[in-house]
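Participant: Handing over coords-v9.cif, mmCIF, C-alpha atoms and all ligand atoms.
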```cif
data_query
#
loop_
_atom_site.label_atom_id
_atom_site.label_comp_id
_atom_site.auth_asym_id
_atom_site.auth_seq_id
_atom_site.Cartn_x
_atom_site.Cartn_y
_atom_site.Cartn_z
CA MET A 114 -46.62 14.12 33.54
CA ALA A 115 -50.32 14.72 32.98
CA PRO A 116 -51.73 12.85 30.00
CA ILE A 117 -52.54 15.19 27.16
CA LEU A 118 -56.07 16.09 26.19
CA PRO A 119 -57.61 14.76 23.00
CA ASP A 120 -57.77 17.11 20.02
CA MET A 121 -60.93 19.03 20.87
CA ASP A 122 -61.00 20.99 17.60
CA ASN A 123 -61.12 17.74 15.73
CA ILE A 124 -63.87 16.38 17.97
CA ARG A 125 -65.87 19.58 17.49
CA GLU A 126 -65.64 19.48 13.71
CA ARG A 127 -66.64 15.84 13.51
CA LEU A 128 -69.40 16.29 16.09
CA LEU A 129 -70.99 19.06 14.04
CA ARG A 130 -70.94 16.76 11.01
CA GLY A 131 -72.89 14.17 13.03
CA ASP A 132 -70.00 11.75 13.50
CA ARG A 133 -71.15 9.16 16.06
CA ALA A 134 -67.64 8.26 17.24
CA ALA A 135 -66.93 11.93 18.00
CA LEU A 136 -70.24 12.21 19.83
CA ALA A 137 -69.47 9.13 21.92
CA ARG A 138 -65.97 10.46 22.67
CA ALA A 139 -67.32 13.84 23.78
CA ILE A 140 -69.88 12.19 26.05
CA THR A 141 -67.18 10.00 27.60
CA LEU A 142 -65.17 13.13 28.36
CA ALA A 143 -68.26 14.76 29.92
CA GLU A 144 -68.64 11.71 32.16
CA SER A 145 -64.94 11.53 32.99
CA ARG A 146 -63.72 11.97 36.54
CA ARG A 147 -60.87 14.16 35.33
CA PRO A 148 -61.55 17.86 35.84
CA ASP A 149 -59.52 18.78 32.71
CA HIS A 150 -61.74 16.48 30.61
CA ARG A 151 -64.89 18.01 32.00
CA ALA A 152 -63.55 21.53 31.48
CA ALA A 153 -62.67 20.70 27.87
CA VAL A 154 -66.23 19.46 27.28
CA ARG A 155 -67.72 22.57 28.86
CA ASP A 156 -65.67 24.64 26.39
CA LEU A 157 -66.76 22.37 23.56
CA ILE A 158 -70.42 22.79 24.53
CA ASP A 159 -70.04 26.55 24.71
CA ALA A 160 -68.49 26.50 21.24
CA VAL A 161 -71.34 24.48 19.71
CA LEU A 162 -74.13 26.13 21.70
CA PRO A 163 -75.63 27.90 18.65
CA GLU A 164 -76.23 24.45 17.12
CA THR A 165 -78.11 23.18 20.19
CA GLY A 166 -81.65 23.70 21.44
CA LYS A 167 -83.42 22.76 18.25
CA ALA A 168 -84.62 19.32 19.33
CA ILE A 169 -87.91 18.33 20.92
CA ARG A 170 -86.91 17.22 24.40
CA VAL A 171 -89.23 14.66 25.96
CA GLY A 172 -88.91 13.15 29.44
CA ILE A 173 -90.55 9.77 30.06
CA THR A 174 -91.15 8.33 33.52
CA GLY A 175 -93.15 5.58 35.19
CA VAL A 176 -92.65 2.72 37.64
CA PRO A 177 -90.22 -0.09 36.74
CA GLY A 178 -91.83 -2.41 34.21
CA VAL A 179 -94.47 0.05 33.01
CA GLY A 180 -92.98 -0.17 29.52
CA LYS A 181 -90.85 2.93 29.08
CA SER A 182 -88.05 1.27 27.10
CA THR A 183 -90.48 -0.77 25.01
CA THR A 184 -92.49 2.33 24.14
CA ILE A 185 -89.34 4.34 23.37
CA ASP A 186 -88.10 1.55 21.09
CA MET A 187 -91.34 1.53 19.10
CA LEU A 188 -91.92 5.28 19.10
CA GLY A 189 -88.28 6.03 18.30
CA SER A 190 -88.34 3.62 15.36
CA GLN A 191 -91.47 5.26 13.97
CA LEU A 192 -89.79 8.64 14.30
CA THR A 193 -86.58 7.62 12.52
CA LYS A 194 -88.72 6.17 9.69
CA ALA A 195 -90.36 9.59 9.45
CA GLY A 196 -86.90 11.14 9.00
CA HIS A 197 -86.03 12.16 12.56
CA LYS A 198 -82.75 11.53 14.32
CA VAL A 199 -83.54 10.21 17.78
CA ALA A 200 -81.29 10.21 20.86
CA VAL A 201 -82.34 8.15 23.88
CA LEU A 202 -80.77 9.07 27.21
CA ALA A 203 -81.43 7.89 30.73
CA VAL A 204 -81.28 9.29 34.23
CA ASP A 205 -80.98 6.57 36.81
CA PRO A 206 -79.39 7.68 40.08
CA SER A 207 -79.51 4.13 41.43
CA SER A 208 -77.02 3.06 38.77
CA THR A 209 -74.29 4.44 41.02
CA ARG A 210 -74.59 1.22 42.95
CA THR A 211 -74.30 -1.16 40.05
CA GLY A 212 -71.74 0.86 38.13
CA GLY A 213 -73.94 0.68 35.08
CA SER A 214 -77.50 1.20 34.13
CA ILE A 215 -80.27 -1.13 33.15
CA LEU A 216 -82.17 1.93 32.04
CA GLY A 217 -81.62 2.63 28.41
CA ASP A 218 -80.42 -0.92 28.13
CA LYS A 219 -79.98 -1.68 24.46
CA THR A 220 -81.44 -5.15 24.84
CA ARG A 221 -84.76 -3.56 25.72
CA MET A 222 -84.54 -1.36 22.64
CA ALA A 223 -83.58 -3.95 20.08
CA GLN A 224 -84.92 -2.07 17.06
CA LEU A 225 -83.44 1.31 17.93
CA ALA A 226 -80.09 -0.20 18.91
CA GLN A 227 -79.69 -1.29 15.26
CA ASP A 228 -80.92 1.99 13.86
CA ARG A 229 -78.32 4.28 12.26
CA ASN A 230 -80.53 7.29 12.96
CA ALA A 231 -80.81 6.53 16.64
CA PHE A 232 -78.29 6.92 19.44
CA ILE A 233 -78.79 5.24 22.82
CA ARG A 234 -76.78 6.25 25.85
CA PRO A 235 -77.33 4.70 29.30
CA SER A 236 -77.36 6.75 32.46
CA PRO A 237 -74.05 8.17 33.67
CA SER A 238 -73.14 5.98 36.57
CA SER A 239 -71.43 8.18 39.09
CA GLY A 240 -72.25 10.97 41.42
CA THR A 241 -75.27 12.55 42.99
CA LEU A 242 -78.59 12.90 41.20
CA GLY A 243 -77.59 16.49 40.48
CA GLY A 244 -74.34 15.28 38.96
CA VAL A 245 -76.02 12.56 36.90
CA ALA A 246 -78.63 15.01 35.62
CA ALA A 247 -76.01 17.64 34.79
CA LYS A 248 -74.05 15.12 32.73
CA THR A 249 -77.23 14.02 30.99
CA ARG A 250 -77.93 17.63 30.14
CA GLU A 251 -74.47 17.99 28.60
CA THR A 252 -75.01 14.78 26.67
CA MET A 253 -78.32 16.14 25.40
CA LEU A 254 -76.64 19.32 24.13
CA LEU A 255 -73.91 17.29 22.45
CA CYS A 256 -76.54 15.12 20.73
CA GLU A 257 -78.33 18.24 19.50
CA ALA A 258 -75.07 19.62 18.14
CA ALA A 259 -74.63 16.32 16.29
CA GLY A 260 -77.99 16.84 14.60
CA PHE A 261 -80.39 14.80 16.72
CA ASP A 262 -83.78 16.51 16.61
CA VAL A 263 -85.66 14.30 19.07
CA ILE A 264 -84.30 13.64 22.56
CA LEU A 265 -86.08 11.06 24.70
CA VAL A 266 -84.95 10.86 28.34
CA GLU A 267 -86.07 7.81 30.31
CA THR A 268 -86.14 7.91 34.07
CA VAL A 269 -87.52 5.59 36.68
CA GLY A 270 -89.69 6.97 39.46
CA VAL A 271 -86.97 6.98 42.09
CA GLY A 272 -86.33 9.81 44.53
CA GLN A 273 -86.26 13.17 42.84
CA SER A 274 -85.23 11.91 39.43
CA GLU A 275 -88.54 12.87 37.79
CA THR A 276 -88.14 16.47 38.84
CA ALA A 277 -84.58 16.47 37.50
CA VAL A 278 -85.76 15.12 34.14
CA ALA A 279 -88.74 17.47 33.99
CA ASP A 280 -86.16 20.25 34.45
CA LEU A 281 -84.25 18.97 31.42
CA THR A 282 -87.12 18.61 28.98
CA ASP A 283 -89.91 20.48 27.19
CA PHE A 284 -92.51 17.81 27.65
CA PHE A 285 -92.94 15.36 30.50
CA LEU A 286 -94.75 12.12 29.75
CA VAL A 287 -95.90 9.86 32.56
CA LEU A 288 -96.64 6.23 31.75
CA MET A 289 -99.11 4.40 33.97
CA LEU A 290 -100.35 0.84 34.27
CA PRO A 291 -103.99 -0.10 34.00
CA GLY A 292 -105.30 -1.39 37.29
CA ALA A 293 -108.53 -2.35 38.95
CA GLY A 294 -110.10 0.51 40.85
CA ASP A 295 -107.11 1.69 42.82
CA GLU A 296 -105.28 3.41 39.96
CA LEU A 297 -104.58 6.47 42.01
CA GLN A 298 -102.91 4.53 44.76
CA GLY A 299 -99.17 4.58 44.91
CA ILE A 300 -98.73 7.53 42.59
CA LYS A 301 -96.03 9.66 43.99
CA LYS A 302 -97.16 13.00 45.21
CA GLY A 303 -96.30 15.69 42.73
CA ILE A 304 -96.04 13.47 39.68
CA LEU A 305 -99.39 14.60 38.30
CA GLU A 306 -98.31 18.23 38.67
CA LEU A 307 -95.27 17.50 36.51
CA ALA A 308 -97.12 15.59 33.78
CA ASP A 309 -97.75 17.21 30.40
CA MET A 310 -99.51 14.01 29.39
CA ILE A 311 -100.42 10.67 30.94
CA ALA A 312 -100.41 7.54 28.81
CA VAL A 313 -101.86 4.37 30.27
CA ASN A 314 -99.74 1.61 28.71
CA LYS A 315 -100.43 -2.07 27.97
CA ALA A 316 -103.82 -1.28 26.44
CA ASP A 317 -103.15 -4.15 24.02
CA ASP A 318 -106.68 -5.33 23.32
CA GLY A 319 -109.93 -6.63 24.83
CA GLU A 320 -109.96 -6.71 28.62
CA ASN A 321 -106.59 -4.93 28.90
CA GLU A 322 -107.83 -2.11 26.74
CA ARG A 323 -111.03 -1.81 28.76
CA ARG A 324 -109.10 -1.62 32.03
CA ALA A 325 -106.67 0.91 30.58
CA LYS A 326 -109.56 3.11 29.44
CA ALA A 327 -111.15 2.93 32.89
CA ALA A 328 -107.82 3.91 34.45
CA ALA A 329 -107.47 6.78 31.97
CA GLN A 330 -110.88 8.06 33.05
CA ASP A 331 -109.77 8.05 36.69
CA TYR A 332 -106.61 9.99 35.83
CA ARG A 333 -108.66 12.54 33.91
CA GLY A 334 -110.68 13.10 37.04
CA ALA A 335 -107.53 13.45 39.15
CA LEU A 336 -105.97 15.94 36.71
CA HIS A 337 -109.19 17.88 36.55
CA ILE A 338 -108.92 19.00 40.15
CA LEU A 339 -105.39 20.33 39.64
CA THR A 340 -104.73 23.80 38.32
CA PRO A 341 -102.91 23.29 35.01
CA ALA A 342 -99.35 24.63 34.91
CA SER A 343 -100.14 26.37 31.62
CA ALA A 344 -103.24 28.24 30.49
CA THR A 345 -102.51 26.95 26.99
CA TRP A 346 -102.27 23.25 27.79
CA SER A 347 -104.40 20.82 29.75
CA PRO A 348 -102.53 17.52 30.07
CA PRO A 349 -104.36 14.86 28.04
CA VAL A 350 -104.76 11.27 29.19
CA ILE A 351 -104.48 8.61 26.50
CA THR A 352 -104.16 4.83 26.28
CA ILE A 353 -101.37 3.11 24.35
CA SER A 354 -99.74 -0.22 23.76
CA GLY A 355 -96.02 0.39 23.52
CA LEU A 356 -95.43 -3.25 22.68
CA HIS A 357 -97.81 -3.25 19.72
CA GLY A 358 -97.32 0.38 18.73
CA LYS A 359 -100.97 1.25 19.34
CA GLY A 360 -101.77 4.89 20.01
CA LEU A 361 -98.22 6.09 19.38
CA ASP A 362 -99.24 8.29 16.42
CA ASP A 363 -101.73 9.99 18.68
CA LEU A 364 -99.11 10.28 21.43
CA TRP A 365 -96.59 11.95 19.13
CA SER A 366 -99.12 14.29 17.53
CA LYS A 367 -100.06 15.53 21.00
CA ILE A 368 -96.39 16.21 21.77
CA GLU A 369 -96.10 18.17 18.52
CA ASP A 370 -99.31 20.01 19.27
CA HIS A 371 -97.93 20.99 22.69
CA ARG A 372 -94.74 22.23 21.10
CA GLN A 373 -96.59 24.30 18.52
CA LYS A 374 -98.96 25.91 21.01
CA LEU A 375 -96.36 26.66 23.67
CA THR A 376 -93.85 27.91 21.12
CA ALA A 377 -96.47 30.35 19.87
CA THR A 378 -97.09 31.69 23.38
CA GLY A 379 -93.37 31.79 24.22
CA GLU A 380 -93.81 29.29 27.05
CA ILE A 381 -91.23 26.85 25.70
CA VAL A 382 -88.58 29.57 25.59
CA GLU A 383 -89.64 30.66 29.08
CA ARG A 384 -89.44 27.09 30.40
CA ARG A 385 -85.95 26.67 28.97
CA LYS A 386 -84.77 29.98 30.41
CA LYS A 387 -85.93 28.96 33.87
CA GLN A 388 -84.22 25.60 33.39
CA ASP A 389 -80.97 27.34 32.44
CA VAL A 390 -80.97 29.31 35.67
CA LYS A 391 -81.72 26.16 37.67
CA TRP A 392 -78.92 24.36 35.88
CA MET A 393 -76.49 27.12 36.61
CA TRP A 394 -77.15 26.57 40.30
CA ALA A 395 -77.02 22.81 39.91
CA LEU A 396 -73.53 23.22 38.44
CA VAL A 397 -72.48 25.43 41.33
CA HIS A 398 -73.76 22.85 43.80
CA GLU A 399 -71.98 20.11 41.93
CA ARG A 400 -68.71 22.02 42.11
CA LEU A 401 -69.15 22.58 45.83
CA HIS A 402 -69.88 18.90 46.27
CA GLN A 403 -66.77 18.11 44.27
CA LYS A 404 -64.71 20.37 46.53
CA LEU A 405 -66.08 18.61 49.59
CA THR A 406 -65.57 15.07 48.37
CA GLY A 407 -62.89 15.35 45.68
CA SER A 408 -59.75 15.31 47.77
CA VAL A 409 -58.59 12.84 50.39
CA GLU A 410 -57.38 15.68 52.57
CA VAL A 411 -60.77 17.40 52.67
CA ARG A 412 -62.61 14.12 53.18
CA LYS A 413 -60.40 13.36 56.16
CA ALA A 414 -60.95 16.79 57.65
CA THR A 415 -64.73 16.66 57.19
CA ALA A 416 -64.80 13.24 58.87
CA GLU A 417 -62.85 14.69 61.80
CA ALA A 418 -65.18 17.68 62.00
CA GLU A 419 -68.18 15.33 62.06
CA LYS A 420 -66.62 13.36 64.91
CA SER A 421 -65.77 16.40 66.98
CA VAL A 422 -69.26 17.87 66.55
CA ALA A 423 -70.91 14.52 67.36
CA SER A 424 -68.83 14.22 70.54
CA GLY A 425 -69.66 17.75 71.59
CA GLU A 426 -66.07 18.88 71.42
CA HIS A 427 -66.94 21.51 68.84
CA SER A 428 -70.18 23.33 68.09
CA PRO A 429 -71.90 22.77 64.73
CA ALA A 430 -71.01 26.36 63.79
CA ALA A 431 -67.34 25.79 64.61
CA GLY A 432 -67.35 22.58 62.56
CA ALA A 433 -68.98 24.34 59.61
CA GLN A 434 -66.43 27.14 59.89
CA ALA A 435 -63.51 24.70 59.81
CA ILE A 436 -64.88 22.90 56.73
CA SER A 437 -65.68 26.15 54.94
CA GLU A 438 -62.16 27.45 55.48
CA LEU A 439 -60.74 24.25 54.08
CA ILE A 440 -62.57 24.67 50.77
CA GLY A 441 -61.83 28.37 50.61
CA LEU A 442 -65.19 29.81 51.66
N1 LIG B 1 -98.56 -6.58 27.09
C1 LIG B 1 -97.73 -5.54 27.04
N2 LIG B 1 -96.52 -5.64 27.61
C2 LIG B 1 -95.70 -4.57 27.55
C3 LIG B 1 -96.09 -3.36 26.91
N3 LIG B 1 -95.06 -2.50 27.03
C4 LIG B 1 -94.09 -3.13 27.70
N4 LIG B 1 -94.45 -4.39 28.02
C5 LIG B 1 -93.66 -5.41 28.73
O1 LIG B 1 -93.40 -4.97 30.04
C6 LIG B 1 -92.09 -5.40 30.46
C7 LIG B 1 -91.27 -4.20 30.93
O2 LIG B 1 -91.05 -3.34 29.82
P1 LIG B 1 -89.88 -2.26 29.79
O3 LIG B 1 -90.07 -1.52 28.56
O4 LIG B 1 -88.58 -2.86 30.05
O5 LIG B 1 -90.29 -1.37 31.05
P2 LIG B 1 -89.51 -0.12 31.68
O6 LIG B 1 -90.56 0.80 32.17
O7 LIG B 1 -88.53 0.43 30.71
O8 LIG B 1 -88.77 -0.78 32.91
P3 LIG B 1 -87.46 -0.26 33.72
O9 LIG B 1 -86.46 0.27 32.73
O10 LIG B 1 -86.98 -1.48 34.42
O11 LIG B 1 -87.93 0.80 34.67
C8 LIG B 1 -91.48 -6.11 29.27
O12 LIG B 1 -91.65 -7.49 29.44
C9 LIG B 1 -92.29 -5.61 28.09
O13 LIG B 1 -92.36 -6.54 27.03
C10 LIG B 1 -97.38 -3.29 26.32
O14 LIG B 1 -97.80 -2.30 25.73
N5 LIG B 1 -98.16 -4.42 26.42
MG MG B 2 -86.42 0.69 30.81
#
```
Show this structure as structure tokens.

Facilitator:
Amino acid sequence: MAPILPDMDNIRERLLRGDRAALARAITLAESRRPDHRAAVRDLIDAVLPETGKAIRVGITGVPGVGKSTTIDMLGSQLTKAGHKVAVLAVDPSSTRTGGSILGDKTRMAQLAQDRNAFIRPSPSSGTLGGVAAKTRETMLLCEAAGFDVILVETVGVGQSETAVADLTDFFLVLMLPGAGDELQGIKKGILELADMIAVNKADDGENERRAKAAAQDYRGALHILTPASATWSPPVITISGLHGKGLDDLWSKIEDHRQKLTATGEIVERRKKQDVKWMWALVHERLHQKLTGSVEVRKATAEAEKSVASGEHSPAAGAQAISELIGL
């Protein structure tokens, strides 16, 4: 006999009142491997959809060790003191390997982890990047329904994860390290195009601050030669110290400024509409992937098809046909 589903009406009511246990339960169901759990959460999200979408959604990326978690801890704490409710999520596709995520690790966010007005959720730890990002998106909507008005999504610069997070958020912040002369080395292609702002971190004081400012100047030059994605917004480059909380007021006021300007022009709404369409397709792809990998029978058959195509026994088209028929295409 199939185990019964939890009482979703009860979860919905408590979620809308901001009950953290209900929020955590709903997120666990969204991350569940059971299709009936995931379907129940999709229904739940549809039911609370009018209560979502009101948060500022900020993506934060940068190489490991640049100071994302430290900065989020400090910034998030300042925001909760100012009356915000802050949710911190993470997208870390590599966590599939470890079965858990170091990103969003509460030990790196000691202040926020104790904060009743903050909610920290590590990266979902299974599936493709598309699957991880889709679950993070559902988690974001659930957090919004529970009354969180600031969503911070941390991601490490691995594979395509930045693009996935940029597609989830209204504002994409790239953290950089100060360096000597070769600042522009090793930046992944495309990252500057995604950035709504660059913040050079670890500008603590003295020599560090000087180097960070020099790096910031180089990034300004690099951004200058790009055509901005919006006529309303040229990505600023600032220096901060996440550890000491320096420059974080400036950082947040720029994010608010961006929101105000692009709300006025309708660009935020436009960006979210485009994201919705992308996410629809991401969900379709995820379901196809699920069909291909979800059952032992299909996995066996796809392995056989691979073998017979590799050995030349069947053509690629014949192999594709056999697999398609199996999953009802
Ligand atoms: N001096 C200085 N150190 C910092 C600053 N921000 C972060 N750090 C240190 O840099 C190290 C890495 O910081 P994290 O916040 O964990 O970096 P992260 O980008 O979240 O790293 P991953 O999650 O592993 O990708 C820690 O030892 C921090 O204390 C800063 O502004 N100044
Ligand atoms: Mg981190």

Participant: Could you work out an axis-aligned bounding box for all listed atoms of region 353-359 of chain A, with 3 Å added on each of the six sides, and give its centre and edge lengths in Å to one decimal, as lines of an AutoDock Vina configuration file?

Facilitator:
```
center_x = -98.4
center_y = -0.1
center_z = 21.5
size_x = 11.9
size_y = 12.4
size_z = 11.6
```

Participant: Let me have all residues with an atom within 6 Å of ligand LIG 1 (chain B), counting only C-alpha atoms and all ligand atoms, laid out as a list in words.

Facilitator: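 Written in the requested form, the residues are Val176, Pro177, Gly178, Val179, Gly180, Lys181, Ser182, Thr183, Leu216, Arg221, Val269, Asn314, Lys315, Asp317, Ser354, Gly355 and Leu356 of chain A.
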
Participant: Can I get the selection written as a short mmCIF file (atom, residue, chain, number, x, y, z; two decimals), in the frame of the given file, with C-alpha atoms?

Facilitator:
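Output file selection-v4.cif follows:
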```cif
data_model
loop_
_atom_site.label_atom_id
_atom_site.label_comp_id
_atom_site.auth_asym_id
_atom_site.auth_seq_id
_atom_site.Cartn_x
_atom_site.Cartn_y
_atom_site.Cartn_z
CA VAL A 176 -92.65 2.72 37.64
CA PRO A 177 -90.22 -0.09 36.74
CA GLY A 178 -91.83 -2.41 34.21
CA VAL A 179 -94.47 0.05 33.01
CA GLY A 180 -92.98 -0.17 29.52
CA LYS A 181 -90.85 2.93 29.08
CA SER A 182 -88.05 1.27 27.10
CA THR A 183 -90.48 -0.77 25.01
CA LEU A 216 -82.17 1.93 32.04
CA ARG A 221 -84.76 -3.56 25.72
CA VAL A 269 -87.52 5.59 36.68
CA ASN A 314 -99.74 1.61 28.71
CA LYS A 315 -100.43 -2.07 27.97
CA ASP A 317 -103.15 -4.15 24.02
CA SER A 354 -99.74 -0.22 23.76
CA GLY A 355 -96.02 0.39 23.52
CA LEU A 356 -95.43 -3.25 22.68
#
```

Participant: Pick out the residues sitting within 12 Å of region 155-163 of chain A, and hand them over as a PyMOL selection string; count only C-alpha atoms, and ignore anything fewer than 6 positions along from it in its own chain.

Facilitator: chain A and resi 119-130+135-136+138-140+142-144+148-149+247-248+250-260+396

Participant: How many Å separate CA of Val390 (chain A) from CA of Asp205 (chain A)?

Facilitator: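 Distance reported for this atom pair: 22.8 Å.
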
Participant: Using all atoms listed in the file, which of the listed residues (A:Trp346, A:Val287, A:Thr193, A:Gly244) sits closest to Leu401 (chain A)?

Facilitator: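 So, comparing all the options, the nearest one is A:Gly244.
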
Participant: Between A:Val245, A:Glu164, A:Lys198, A:Gly270, which is the closest to ligand MG 2 (chain B) once you count only C-alpha atoms and all ligand atoms?

Facilitator: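 Among the listed residues, A:Gly270 lies closest to ligand MG 2 (chain B).
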
Participant: What's the 7 Å shell around region 308-311 of chain A, counting only C-alpha atoms, without same-chain residues fewer than 2 positions away, as a list in words?

Facilitator: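 These residues fall inside the cut-off: Phe284, Phe285, Leu286, Val287, Leu288, Ile304, Leu305, Glu306, Val313, Pro348, Pro349, Val350 and Ile351 of chain A.
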
Participant: Only C-alpha atoms, please: the residues just picked out, written as a tab-separated table (two decimals), in the frame of the given file.

Facilitator:
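Contents of again.tsv, freshly written:
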```
chain	number	residue	atom	x	y	z
A	284	PHE	CA	-92.51	17.81	27.65
A	285	PHE	CA	-92.94	15.36	30.50
A	286	LEU	CA	-94.75	12.12	29.75
A	287	VAL	CA	-95.90	9.86	32.56
A	288	LEU	CA	-96.64	6.23	31.75
A	304	ILE	CA	-96.04	13.47	39.68
A	305	LEU	CA	-99.39	14.60	38.30
A	306	GLU	CA	-98.31	18.23	38.67
A	313	VAL	CA	-101.86	4.37	30.27
A	348	PRO	CA	-102.53	17.52	30.07
A	349	PRO	CA	-104.36	14.86	28.04
A	350	VAL	CA	-104.76	11.27	29.19
A	351	ILE	CA	-104.48	8.61	26.50
```

Participant: What is the CA of Gln224 (chain A) to CA of Glu320 (chain A) distance in Å?

Facilitator: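 Those two atoms sit 28.0 Å apart.
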
Participant: Report as a list in words all protein, DNA and RNA residues lying within 8 Å of Ala325 (chain A), evaluated on all atoms listed in the file, omitting residues in the same chain fewer than 4 positions from it.

Facilitator: Leu290, Pro291, Gly292, Val313, Asn314, Lys315, Ala316, Asn321, Ala329 and Thr352 of chain A

Participant: Set the distance at 10 Å and use all atoms listed in the file: which residues neighbour Phe232 (chain A) once local chain neighbours fewer than 2 positions away are removed? I'd like the list as a list in words.

Facilitator: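 So the residues in contact are Arg133, Leu136, Ala137, Lys198, Val199, Ala200, Val201, Leu202, Leu225, Ala226, Gln227, Asp228, Arg229, Asn230, Arg234, Cys256, Phe261 and Ile264 of chain A.
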
Participant: So the first atom is CA of Gly243 (chain A) and the second is CA of Glu399 (chain A); what is the distance between them in Å, to one decimal place?

Facilitator: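 That distance, rounded to one decimal, is 6.8 Å.
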
Participant: Which one of A:Met393, A:Leu361, A:Ile381, A:Ala433 sits closest to Gln191 (chain A) if you count all atoms listed in the file?

Facilitator: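 With all atoms listed in the file as the atom set, the closest residue is A:Leu361.
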
Participant: Give the answer as one residue: which of A:Leu439, A:Ala152, A:Ser236, A:Lys420 has the shortest atom-to-atom distance to Ser408 (chain A), using only C-alpha atoms?

Facilitator: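 Answer, going by the shortest atom-to-atom distance: A:Leu439.
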
Participant: Fix up region 158-163 of chain A with all heavy atoms, then write it as an mmCIF file, keeping the file's coordinate frame.

Facilitator:
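result_0.cif written:
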```cif
data_model
loop_
_atom_site.group_PDB
_atom_site.id
_atom_site.type_symbol
_atom_site.label_atom_id
_atom_site.label_comp_id
_atom_site.auth_asym_id
_atom_site.auth_seq_id
_atom_site.Cartn_x
_atom_site.Cartn_y
_atom_site.Cartn_z
ATOM 1 N N ILE A 158 -68.975 22.507 24.551
ATOM 2 C CA ILE A 158 -70.420 22.790 24.530
ATOM 3 C C ILE A 158 -70.672 24.283 24.293
ATOM 4 O O ILE A 158 -71.548 24.656 23.510
ATOM 5 C CB ILE A 158 -71.090 22.301 25.831
ATOM 6 C CG1 ILE A 158 -71.100 20.772 25.843
ATOM 7 C CG2 ILE A 158 -72.516 22.838 25.949
ATOM 8 C CD1 ILE A 158 -71.564 20.152 27.134
ATOM 9 N N ASP A 159 -69.878 25.113 24.939
ATOM 10 C CA ASP A 159 -70.040 26.550 24.710
ATOM 11 C C ASP A 159 -69.802 26.890 23.236
ATOM 12 O O ASP A 159 -70.503 27.710 22.655
ATOM 13 C CB ASP A 159 -69.076 27.357 25.595
ATOM 14 C CG ASP A 159 -69.646 27.541 27.002
ATOM 15 O OD1 ASP A 159 -70.852 27.246 27.189
ATOM 16 O OD2 ASP A 159 -68.901 27.963 27.908
ATOM 17 N N ALA A 160 -68.825 26.209 22.635
ATOM 18 C CA ALA A 160 -68.490 26.500 21.240
ATOM 19 C C ALA A 160 -69.603 26.059 20.284
ATOM 20 O O ALA A 160 -69.816 26.674 19.245
ATOM 21 C CB ALA A 160 -67.171 25.826 20.858
ATOM 22 N N VAL A 161 -70.300 24.975 20.628
ATOM 23 C CA VAL A 161 -71.340 24.480 19.710
ATOM 24 C C VAL A 161 -72.748 24.916 20.121
ATOM 25 O O VAL A 161 -73.730 24.530 19.479
ATOM 26 C CB VAL A 161 -71.300 22.921 19.583
ATOM 27 C CG1 VAL A 161 -69.955 22.456 19.050
ATOM 28 C CG2 VAL A 161 -71.624 22.251 20.914
ATOM 29 N N LEU A 162 -72.821 25.732 21.153
ATOM 30 C CA LEU A 162 -74.130 26.130 21.700
ATOM 31 C C LEU A 162 -75.130 26.636 20.651
ATOM 32 O O LEU A 162 -76.314 26.300 20.714
ATOM 33 C CB LEU A 162 -73.940 27.165 22.821
ATOM 34 C CG LEU A 162 -74.931 27.082 23.978
ATOM 35 C CD1 LEU A 162 -74.996 25.682 24.582
ATOM 36 C CD2 LEU A 162 -74.581 28.104 25.060
ATOM 37 N N PRO A 163 -74.669 27.426 19.657
ATOM 38 C CA PRO A 163 -75.630 27.900 18.650
ATOM 39 C C PRO A 163 -76.303 26.750 17.876
ATOM 40 O O PRO A 163 -77.382 26.941 17.323
ATOM 41 C CB PRO A 163 -74.773 28.742 17.705
ATOM 42 C CG PRO A 163 -73.570 29.118 18.488
ATOM 43 C CD PRO A 163 -73.343 28.009 19.456
#
```
